[in-house]
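One file, data_30.cif, carrying mmCIF, C-alpha atoms (C1' of nucleotides):
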data_upload
loop_
_atom_site.label_atom_id
_atom_site.label_comp_id
_atom_site.auth_asym_id
_atom_site.auth_seq_id
_atom_site.Cartn_x
_atom_site.Cartn_y
_atom_site.Cartn_z
CA MET A 76 103.69 12.37 61.81
CA LYS A 77 100.26 12.13 63.29
CA ASN A 78 98.90 9.37 65.41
CA LYS A 79 96.57 7.43 63.21
CA VAL A 80 93.12 8.85 63.67
CA ALA A 81 91.53 12.24 63.78
CA GLU A 82 88.87 11.43 66.29
CA THR A 83 86.55 14.22 65.48
CA LYS A 84 83.57 12.17 64.46
CA ALA A 85 81.40 9.74 66.31
CA MET A 86 82.60 6.19 66.42
CA CYS A 87 81.96 2.81 67.88
CA ALA A 88 83.55 1.92 71.20
CA VAL A 89 84.85 -1.37 69.82
CA ASP A 90 86.67 0.52 67.08
CA TYR A 91 88.04 2.97 69.60
CA ALA A 92 89.54 0.11 71.56
CA PHE A 93 90.96 -1.63 68.51
CA GLN A 94 92.58 1.51 67.23
CA ARG A 95 94.53 1.64 70.47
CA MET A 96 95.43 -1.96 71.14
CA GLY A 97 94.88 -3.51 67.70
CA GLY A 98 97.58 -4.12 65.15
CA LYS A 99 100.10 -6.85 65.06
CA TYR A 100 101.96 -6.35 68.32
CA LYS A 101 100.31 -3.89 70.67
CA ALA A 102 98.18 -6.34 72.60
CA ARG A 103 101.12 -8.63 73.14
CA ILE A 104 103.29 -5.77 74.36
CA LEU A 105 100.62 -4.60 76.77
CA PHE A 106 100.16 -8.14 78.03
CA HIS A 107 103.86 -8.51 78.71
CA LEU A 108 103.88 -5.21 80.54
CA GLY A 109 100.99 -6.54 82.57
CA SER A 110 103.48 -8.38 84.77
CA GLY A 111 105.18 -5.12 85.64
CA LEU A 112 107.72 -2.55 84.58
CA MET A 113 110.13 -3.61 81.85
CA ARG A 114 113.14 -2.16 80.12
CA TYR A 115 113.37 -1.90 76.35
CA GLY A 116 115.89 -4.70 76.14
CA ALA A 117 113.74 -6.98 78.25
CA LEU A 118 110.79 -6.40 75.95
CA ARG A 119 112.95 -7.21 72.96
CA LYS A 120 114.19 -10.42 74.49
CA SER A 121 110.72 -11.54 75.42
CA MET A 122 109.45 -10.95 71.87
CA PRO A 123 112.37 -11.69 69.57
CA ASP A 124 110.24 -11.76 66.43
CA ILE A 125 109.52 -8.04 66.69
CA THR A 126 112.14 -5.89 65.00
CA PRO A 127 113.43 -2.90 66.95
CA LYS A 128 111.76 -0.60 64.51
CA MET A 129 108.32 -2.11 64.97
CA LEU A 130 108.74 -2.39 68.71
CA THR A 131 109.71 1.25 69.05
CA GLN A 132 106.90 2.32 66.78
CA ALA A 133 104.31 0.39 68.76
CA LEU A 134 105.69 1.68 72.06
CA ARG A 135 105.52 5.28 70.87
CA GLU A 136 101.95 4.90 69.76
CA LEU A 137 100.95 3.25 73.02
CA GLU A 138 102.65 6.08 74.83
CA GLY A 139 100.86 8.65 72.69
CA ASP A 140 97.55 7.05 73.59
CA GLU A 141 98.60 7.06 77.25
CA LEU A 142 98.34 3.32 77.71
CA ILE A 143 101.97 3.10 78.75
CA SER A 144 104.51 5.49 80.20
CA ARG A 145 108.13 5.81 79.27
CA LYS A 146 110.84 6.84 81.67
CA VAL A 147 114.30 7.69 80.40
CA TYR A 148 117.40 7.65 82.59
CA HIS A 149 120.04 9.90 81.12
CA GLU A 150 123.07 7.92 82.08
CA VAL A 151 125.65 5.68 80.48
CA PRO A 152 124.68 3.13 79.48
CA PRO A 153 121.20 4.49 78.76
CA LYS A 154 118.18 2.98 80.40
CA VAL A 155 114.53 3.26 79.52
CA GLU A 156 111.66 1.80 81.47
CA TYR A 157 108.17 1.12 80.22
CA GLN A 158 105.10 0.46 82.28
CA LEU A 159 101.36 0.46 82.01
CA THR A 160 99.42 3.56 82.96
CA PRO A 161 96.20 3.09 84.96
CA VAL A 162 94.22 3.29 81.73
CA GLY A 163 96.47 0.72 80.11
CA THR A 164 96.15 -1.52 83.12
CA GLU A 165 92.38 -1.55 82.75
CA LEU A 166 92.88 -3.09 79.34
CA ILE A 167 94.72 -6.14 80.63
CA PRO A 168 91.69 -8.19 81.70
CA SER A 169 90.21 -8.00 78.19
CA ILE A 170 93.47 -9.12 76.64
CA GLY A 171 93.78 -11.84 79.24
CA LEU A 172 90.38 -13.16 78.32
CA LEU A 173 91.27 -13.10 74.65
CA CYS A 174 94.42 -14.99 75.44
CA GLU A 175 92.53 -17.65 77.34
CA TRP A 176 90.15 -18.09 74.45
CA GLY A 177 93.11 -18.49 72.13
CA LYS A 178 94.76 -21.04 74.39
CA LYS A 179 91.59 -23.05 74.63
CA GLN A 180 91.10 -23.17 70.86
CA MET A 181 94.74 -23.98 70.23
CA THR A 182 94.63 -26.77 72.76
CA LYS A 183 91.56 -28.24 71.11
CA LYS A 184 93.37 -28.27 67.78
CA ASN A 185 96.61 -29.54 69.23
CA LEU A 186 98.51 -26.52 68.04
CA PRO A 187 101.84 -25.75 69.68
CA ILE A 188 101.49 -22.77 72.02
CA VAL A 189 104.30 -20.44 72.93
CA THR A 190 103.82 -18.98 76.36
CA ASP A 191 107.19 -18.27 77.90
CA PHE A 192 109.64 -16.01 76.16
CA TYR A 193 107.47 -15.01 73.35
CA MET B 152 92.54 -17.88 48.03
CA LYS B 153 93.82 -19.11 51.33
CA ASN B 154 92.83 -17.93 54.73
CA LYS B 155 95.63 -15.79 56.00
CA VAL B 156 97.91 -17.93 58.08
CA ALA B 157 99.64 -21.25 57.75
CA GLU B 158 99.52 -22.26 61.36
CA THR B 159 102.30 -24.77 61.27
CA LYS B 160 104.61 -23.16 63.77
CA ALA B 161 104.27 -22.34 67.41
CA MET B 162 102.64 -19.06 68.22
CA CYS B 163 101.33 -16.91 71.01
CA ALA B 164 97.70 -17.31 72.05
CA VAL B 165 97.13 -13.56 71.88
CA ASP B 166 98.26 -13.58 68.26
CA TYR B 167 96.06 -16.54 67.51
CA ALA B 168 93.05 -14.65 68.81
CA PHE B 169 93.90 -11.46 66.95
CA GLN B 170 94.37 -13.26 63.67
CA ARG B 171 90.77 -14.44 63.98
CA MET B 172 88.95 -11.43 65.35
CA GLY B 173 91.45 -8.65 64.65
CA GLY B 174 91.36 -6.43 61.62
CA LYS B 175 89.18 -3.48 60.97
CA TYR B 176 85.68 -4.96 61.19
CA LYS B 177 85.60 -8.50 62.50
CA ALA B 178 85.16 -7.73 66.19
CA ARG B 179 82.33 -5.35 65.42
CA ILE B 180 80.60 -7.92 63.24
CA LEU B 181 80.91 -10.58 65.91
CA PHE B 182 79.61 -8.20 68.51
CA HIS B 183 76.56 -7.40 66.44
CA LEU B 184 75.91 -11.06 65.90
CA GLY B 185 76.13 -11.45 69.65
CA SER B 186 72.53 -10.32 69.91
CA GLY B 187 71.43 -13.18 67.68
CA LEU B 188 71.00 -14.36 64.14
CA MET B 189 71.11 -11.69 61.44
CA ARG B 190 70.60 -11.50 57.72
CA TYR B 191 73.18 -9.98 55.42
CA GLY B 192 71.07 -6.91 54.79
CA ALA B 193 70.55 -6.33 58.49
CA LEU B 194 74.29 -6.46 59.08
CA ARG B 195 74.80 -3.94 56.30
CA LYS B 196 72.24 -1.57 57.69
CA SER B 197 73.68 -1.79 61.17
CA MET B 198 77.18 -0.97 59.91
CA PRO B 199 76.71 1.36 56.94
CA ASP B 200 80.36 2.38 56.81
CA ILE B 201 81.42 -1.10 55.77
CA THR B 202 81.30 -1.63 52.02
CA PRO B 203 79.65 -4.82 50.77
CA LYS B 204 82.99 -6.06 49.59
CA MET B 205 84.65 -5.73 52.97
CA LEU B 206 81.64 -7.09 54.80
CA THR B 207 81.48 -10.18 52.63
CA GLN B 208 85.21 -10.70 52.91
CA ALA B 209 85.15 -10.49 56.69
CA LEU B 210 82.13 -12.80 56.89
CA ARG B 211 83.84 -15.39 54.74
CA GLU B 212 86.95 -15.34 56.85
CA LEU B 213 84.97 -15.61 60.06
CA GLU B 214 83.11 -18.51 58.52
CA GLY B 215 86.37 -20.15 57.48
CA ASP B 216 87.62 -19.88 61.04
CA GLU B 217 84.32 -21.32 62.26
CA LEU B 218 83.41 -18.35 64.39
CA ILE B 219 80.17 -17.83 62.50
CA SER B 220 77.92 -20.03 60.37
CA ARG B 221 76.20 -19.11 57.15
CA LYS B 222 72.89 -20.49 56.07
CA VAL B 223 71.66 -19.89 52.54
CA TYR B 224 68.02 -20.17 51.54
CA HIS B 225 67.75 -20.86 47.84
CA GLU B 226 64.62 -18.97 47.12
CA VAL B 227 63.55 -15.76 45.46
CA PRO B 228 64.39 -13.29 46.77
CA PRO B 229 67.51 -14.90 48.23
CA LYS B 230 68.07 -14.99 51.95
CA VAL B 231 71.23 -15.60 53.93
CA GLU B 232 71.45 -15.84 57.67
CA TYR B 233 74.55 -15.47 59.79
CA GLN B 234 75.00 -16.49 63.36
CA LEU B 235 77.72 -17.17 65.89
CA THR B 236 78.98 -20.71 66.35
CA PRO B 237 79.64 -21.91 69.92
CA VAL B 238 83.32 -21.04 69.49
CA GLY B 239 82.42 -17.60 68.21
CA THR B 240 80.03 -17.10 71.07
CA GLU B 241 82.83 -17.71 73.56
CA LEU B 242 84.59 -14.72 72.08
CA ILE B 243 81.80 -12.27 72.86
CA PRO B 244 82.66 -11.63 76.53
CA SER B 245 86.19 -10.50 75.60
CA ILE B 246 84.86 -8.14 72.97
CA GLY B 247 82.23 -6.92 75.38
CA LEU B 248 84.90 -6.06 77.90
CA LEU B 249 86.93 -4.25 75.27
CA CYS B 250 83.83 -2.33 74.32
CA GLU B 251 83.19 -1.29 77.89
CA TRP B 252 86.74 -0.08 78.22
CA GLY B 253 86.31 1.95 75.05
CA LYS B 254 83.07 3.47 76.23
CA LYS B 255 84.60 4.43 79.54
CA GLN B 256 87.57 6.15 77.91
CA MET B 257 85.41 7.90 75.36
CA THR B 258 83.10 9.14 78.06
CA LYS B 259 86.03 10.54 80.04
CA LYS B 260 87.18 12.44 76.96
CA ASN B 261 83.69 13.55 76.01
CA LEU B 262 83.92 11.89 72.64
CA PRO B 263 80.69 11.17 70.81
CA ILE B 264 79.88 7.46 70.97
CA VAL B 265 77.84 5.62 68.41
CA THR B 266 76.03 2.70 69.93
CA ASP B 267 72.83 2.12 68.02
CA PHE B 268 72.93 1.54 64.31
CA TYR B 269 76.62 1.43 63.91
"C1'" DC C 47 68.42 -9.65 47.97
"C1'" DC C 48 73.00 -10.85 48.30
"C1'" DG C 49 76.56 -10.49 46.77
"C1'" DT C 50 81.25 -10.14 42.73
"C1'" DA C 51 84.62 -7.83 39.76
"C1'" DT C 52 87.86 -4.54 38.88
"C1'" DC C 53 91.01 -1.05 39.73
"C1'" DC C 54 93.91 1.56 42.51
"C1'" DC C 55 95.84 3.58 46.61
"C1'" DT C 56 97.52 3.61 51.18
"C1'" DT C 57 99.40 1.62 55.21
"C1'" DG C 58 101.73 -1.78 57.69
"C1'" DC C 59 105.38 -4.29 58.04
"C1'" DG C 60 110.07 -6.29 57.18
"C1'" DA C 61 115.31 -6.21 56.29
"C1'" DT C 62 119.27 -4.12 56.89
"C1'" DA C 63 122.46 -0.89 58.34
"C1'" DC C 64 123.81 2.70 61.30
"C1'" DT C 65 124.11 6.06 65.90
"C1'" DG C 66 124.11 9.05 70.56
"C1'" DC D 74 121.70 0.20 75.73
"C1'" DA D 75 118.20 1.91 73.19
"C1'" DG D 76 117.13 3.23 69.62
"C1'" DT D 77 117.01 5.72 63.93
"C1'" DA D 78 117.32 5.78 58.89
"C1'" DT D 79 116.27 4.14 54.57
"C1'" DC D 80 114.28 1.35 51.26
"C1'" DG D 81 110.80 -1.46 49.46
"C1'" DC D 82 107.26 -4.95 49.10
"C1'" DA D 83 102.76 -6.93 49.90
"C1'" DA D 84 98.49 -7.04 52.00
"C1'" DG D 85 94.51 -4.48 53.29
"C1'" DG D 86 91.21 -1.57 52.19
"C1'" DG D 87 88.09 1.98 49.35
"C1'" DA D 88 85.17 3.36 45.09
"C1'" DT D 89 82.52 2.06 41.71
"C1'" DA D 90 80.09 -0.83 38.69
"C1'" DC D 91 77.96 -5.13 37.60
"C1'" DG D 92 75.70 -10.12 38.20
"C1'" DG D 93 72.64 -14.58 39.65
#
Translate this structure into structure tokens?
Amino acid sequence: MKNKVAETKAMCAVDYAFQRMGGKYKARILFHLGSGLMRYGALRKSMPDITPKMLTQALRELEGDELISRKVYHEVPPKVEYQLTPVGTELIPSIGLLCEWGKKQMTKKNLPIVTDFY
Amino acid sequence: MKNKVAETKAMCAVDYAFQRMGGKYKARILFHLGSGLMRYGALRKSMPDITPKMLTQALRELEGDELISRKVYHEVPPKVEYQLTPVGTELIPSIGLLCEWGKKQMTKKNLPIVTDFY
DNA sequence: CCGTATCCCTTGCGATACTG
DNA sequence: CAGTATCGCAAGGGATACGG
């Protein structure tokens, strides 16, 4: 169970970035965490279209790439908190810009935008 | 041969953006076109790891989403020019930021970065 | 020069059910 | 509460060869 890429050979910086925050959900997860620390359940509620399996998978990969940190409280009921690392935090402005671009285009085309609780 | 998504239902702006410039090559292609108009062959040479099939496919999708325009000269030998549309151009700053983030992280980890001709 | 066509393989992703 | 396990499909992507 390796983490995607053997980064032994030279690559493009754009690719490097996309391998870490690309994919179907990672950018959205990072963006949500941009507003601060969140528990697993809170993340689930804020993105109900992501199955637990995919959410956990994305979170583990983000953790492996050190974009987020994961803190487990061994108590009953269990509690796990996720938050951005400094490196992950530096990614937020880029995603924010992307998001603004998306909003602008969607507005132009009169497409319905989901902002809250999604 | 439809273009990926039926955008009938409400979605997140981040997703909207990623459906247009996400994937394995699109951001890189857009970024290269950021420096100006390029012919198909020039794009190929600048990104030799992309097979013609994948390059053409990505270009067609970008064209379909109106991020780039394609101008064909019906002459021998044939000549096709690609360039960013205004909407596509607005995407460049976000990708640029992502690229800078990538470069910074790669530098920290002493990973070899390919900038020219890739 | 600028692509297409074909074949095939891998990976991502989803649904559903179950657990410490 | 915060996950795993299992199964399975479908899209994405690579290699190679050919075409207007």
Can you translate the PyMOL selection byres ((chain C) within 9 of (chain A)) into the concrete residues it hits in this file, as a PDB file with C-alpha atoms (C1' of nucleotides), in the frame of the given file?
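Result file is out-v1.pdb:
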ATOM      1  C1'  DG C  58     101.730  -1.780  57.690  1.00  0.00           C
ATOM      2  C1'  DC C  59     105.380  -4.290  58.040  1.00  0.00           C
ATOM      3  C1'  DG C  60     110.070  -6.290  57.180  1.00  0.00           C
TER       4       DG C  60
END
Notebook entry, point to check: Which polymer residues have any atom within 12 Å of an atom of C:DC54, counting only C-alpha atoms (C1' of nucleotides), with same-chain residues fewer than 4 positions away left out, as a PyMOL selection string?
Noted result: chain D and resi 86-89
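If you look at atom CA of B:Ala161 and atom CA of A:Lys183, they are 14.5 Å away from each other.
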Margin query: What are the residues of chain A lining chain B at 6 Å or less? Count only C-alpha atoms, and put the answer as JSON, numbers by chain.
Written below: {"A": [85, 86, 87, 88, 89, 91, 92, 169, 172, 173, 174, 177, 178, 187, 188, 189]}
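Interatomic distance, atom C1' of D:DT77 to atom CA of A:Gln158: 22.5 Å.
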Checklist line | Computed interatomic separation between atom C1' of C:DC55 and atom C1' of D:DC82 (Å) | finding: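 Rounded to one decimal, the two atoms are 14.5 Å apart.
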Next item on the list: Compute the chain A side of the contact with chain D at 9 Å, counting all atoms listed in the file, and hand it back as a PyMOL selection string.
Entry: chain A and resi 115-116+127-128+131+151-155
Notebook entry, point to check: Any idea what's packed within 9 Å of A:His107, counting all atoms listed in the file, ignoring anything in its chain fewer than 5 positions away? Could you give it as a list in words?
Noted result: Ala102, Met113, Leu118 and Ser121 of chain A
Notebook entry, point to check: How would you write as number ranges by chain the residues that get within 9 Å of (70.1, -15.7, 62.0) in the file's frame, counting only C-alpha atoms (C1' of nucleotides)?
Noted result: B: 184, 187-190, 221-222, 231-235
Once 5 Å is added on each side, what are the centre and the three edge lengths, in Å to one decimal, of the axis-aligned box enclosing the listed atoms of stretch 57-61 of chain C? Present them as lines of an AutoDock Vina configuration file.
center_x = 107.4
center_y = -2.3
center_z = 56.6
size_x = 25.9
size_y = 17.9
size_z = 12.8
Hey, can you pull every residue with an atom no more than 7 Å from (80.3, -14.9, 56.6), using all atoms listed in the file, and send it as a PDB file with C-alpha atoms, in the coordinates of the input?
ATOM      1  CA  THR B 207      81.480 -10.180  52.630  1.00  0.00           C
ATOM      2  CA  ALA B 209      85.150 -10.490  56.690  1.00  0.00           C
ATOM      3  CA  LEU B 210      82.130 -12.800  56.890  1.00  0.00           C
ATOM      4  CA  ARG B 211      83.840 -15.390  54.740  1.00  0.00           C
ATOM      5  CA  GLU B 212      86.950 -15.340  56.850  1.00  0.00           C
ATOM      6  CA  LEU B 213      84.970 -15.610  60.060  1.00  0.00           C
ATOM      7  CA  GLU B 214      83.110 -18.510  58.520  1.00  0.00           C
ATOM      8  CA  ILE B 219      80.170 -17.830  62.500  1.00  0.00           C
ATOM      9  CA  SER B 220      77.920 -20.030  60.370  1.00  0.00           C
ATOM     10  CA  ARG B 221      76.200 -19.110  57.150  1.00  0.00           C
ATOM     11  CA  TYR B 233      74.550 -15.470  59.790  1.00  0.00           C
TER      12      TYR B 233
END
Margin query: When you count all atoms listed in the file, which of these residues is closest to C:DC48: B:Asn261, B:Leu218, B:Met198, B:Glu226?
Written below: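 Among the listed residues, B:Glu226 lies closest to C:DC48.
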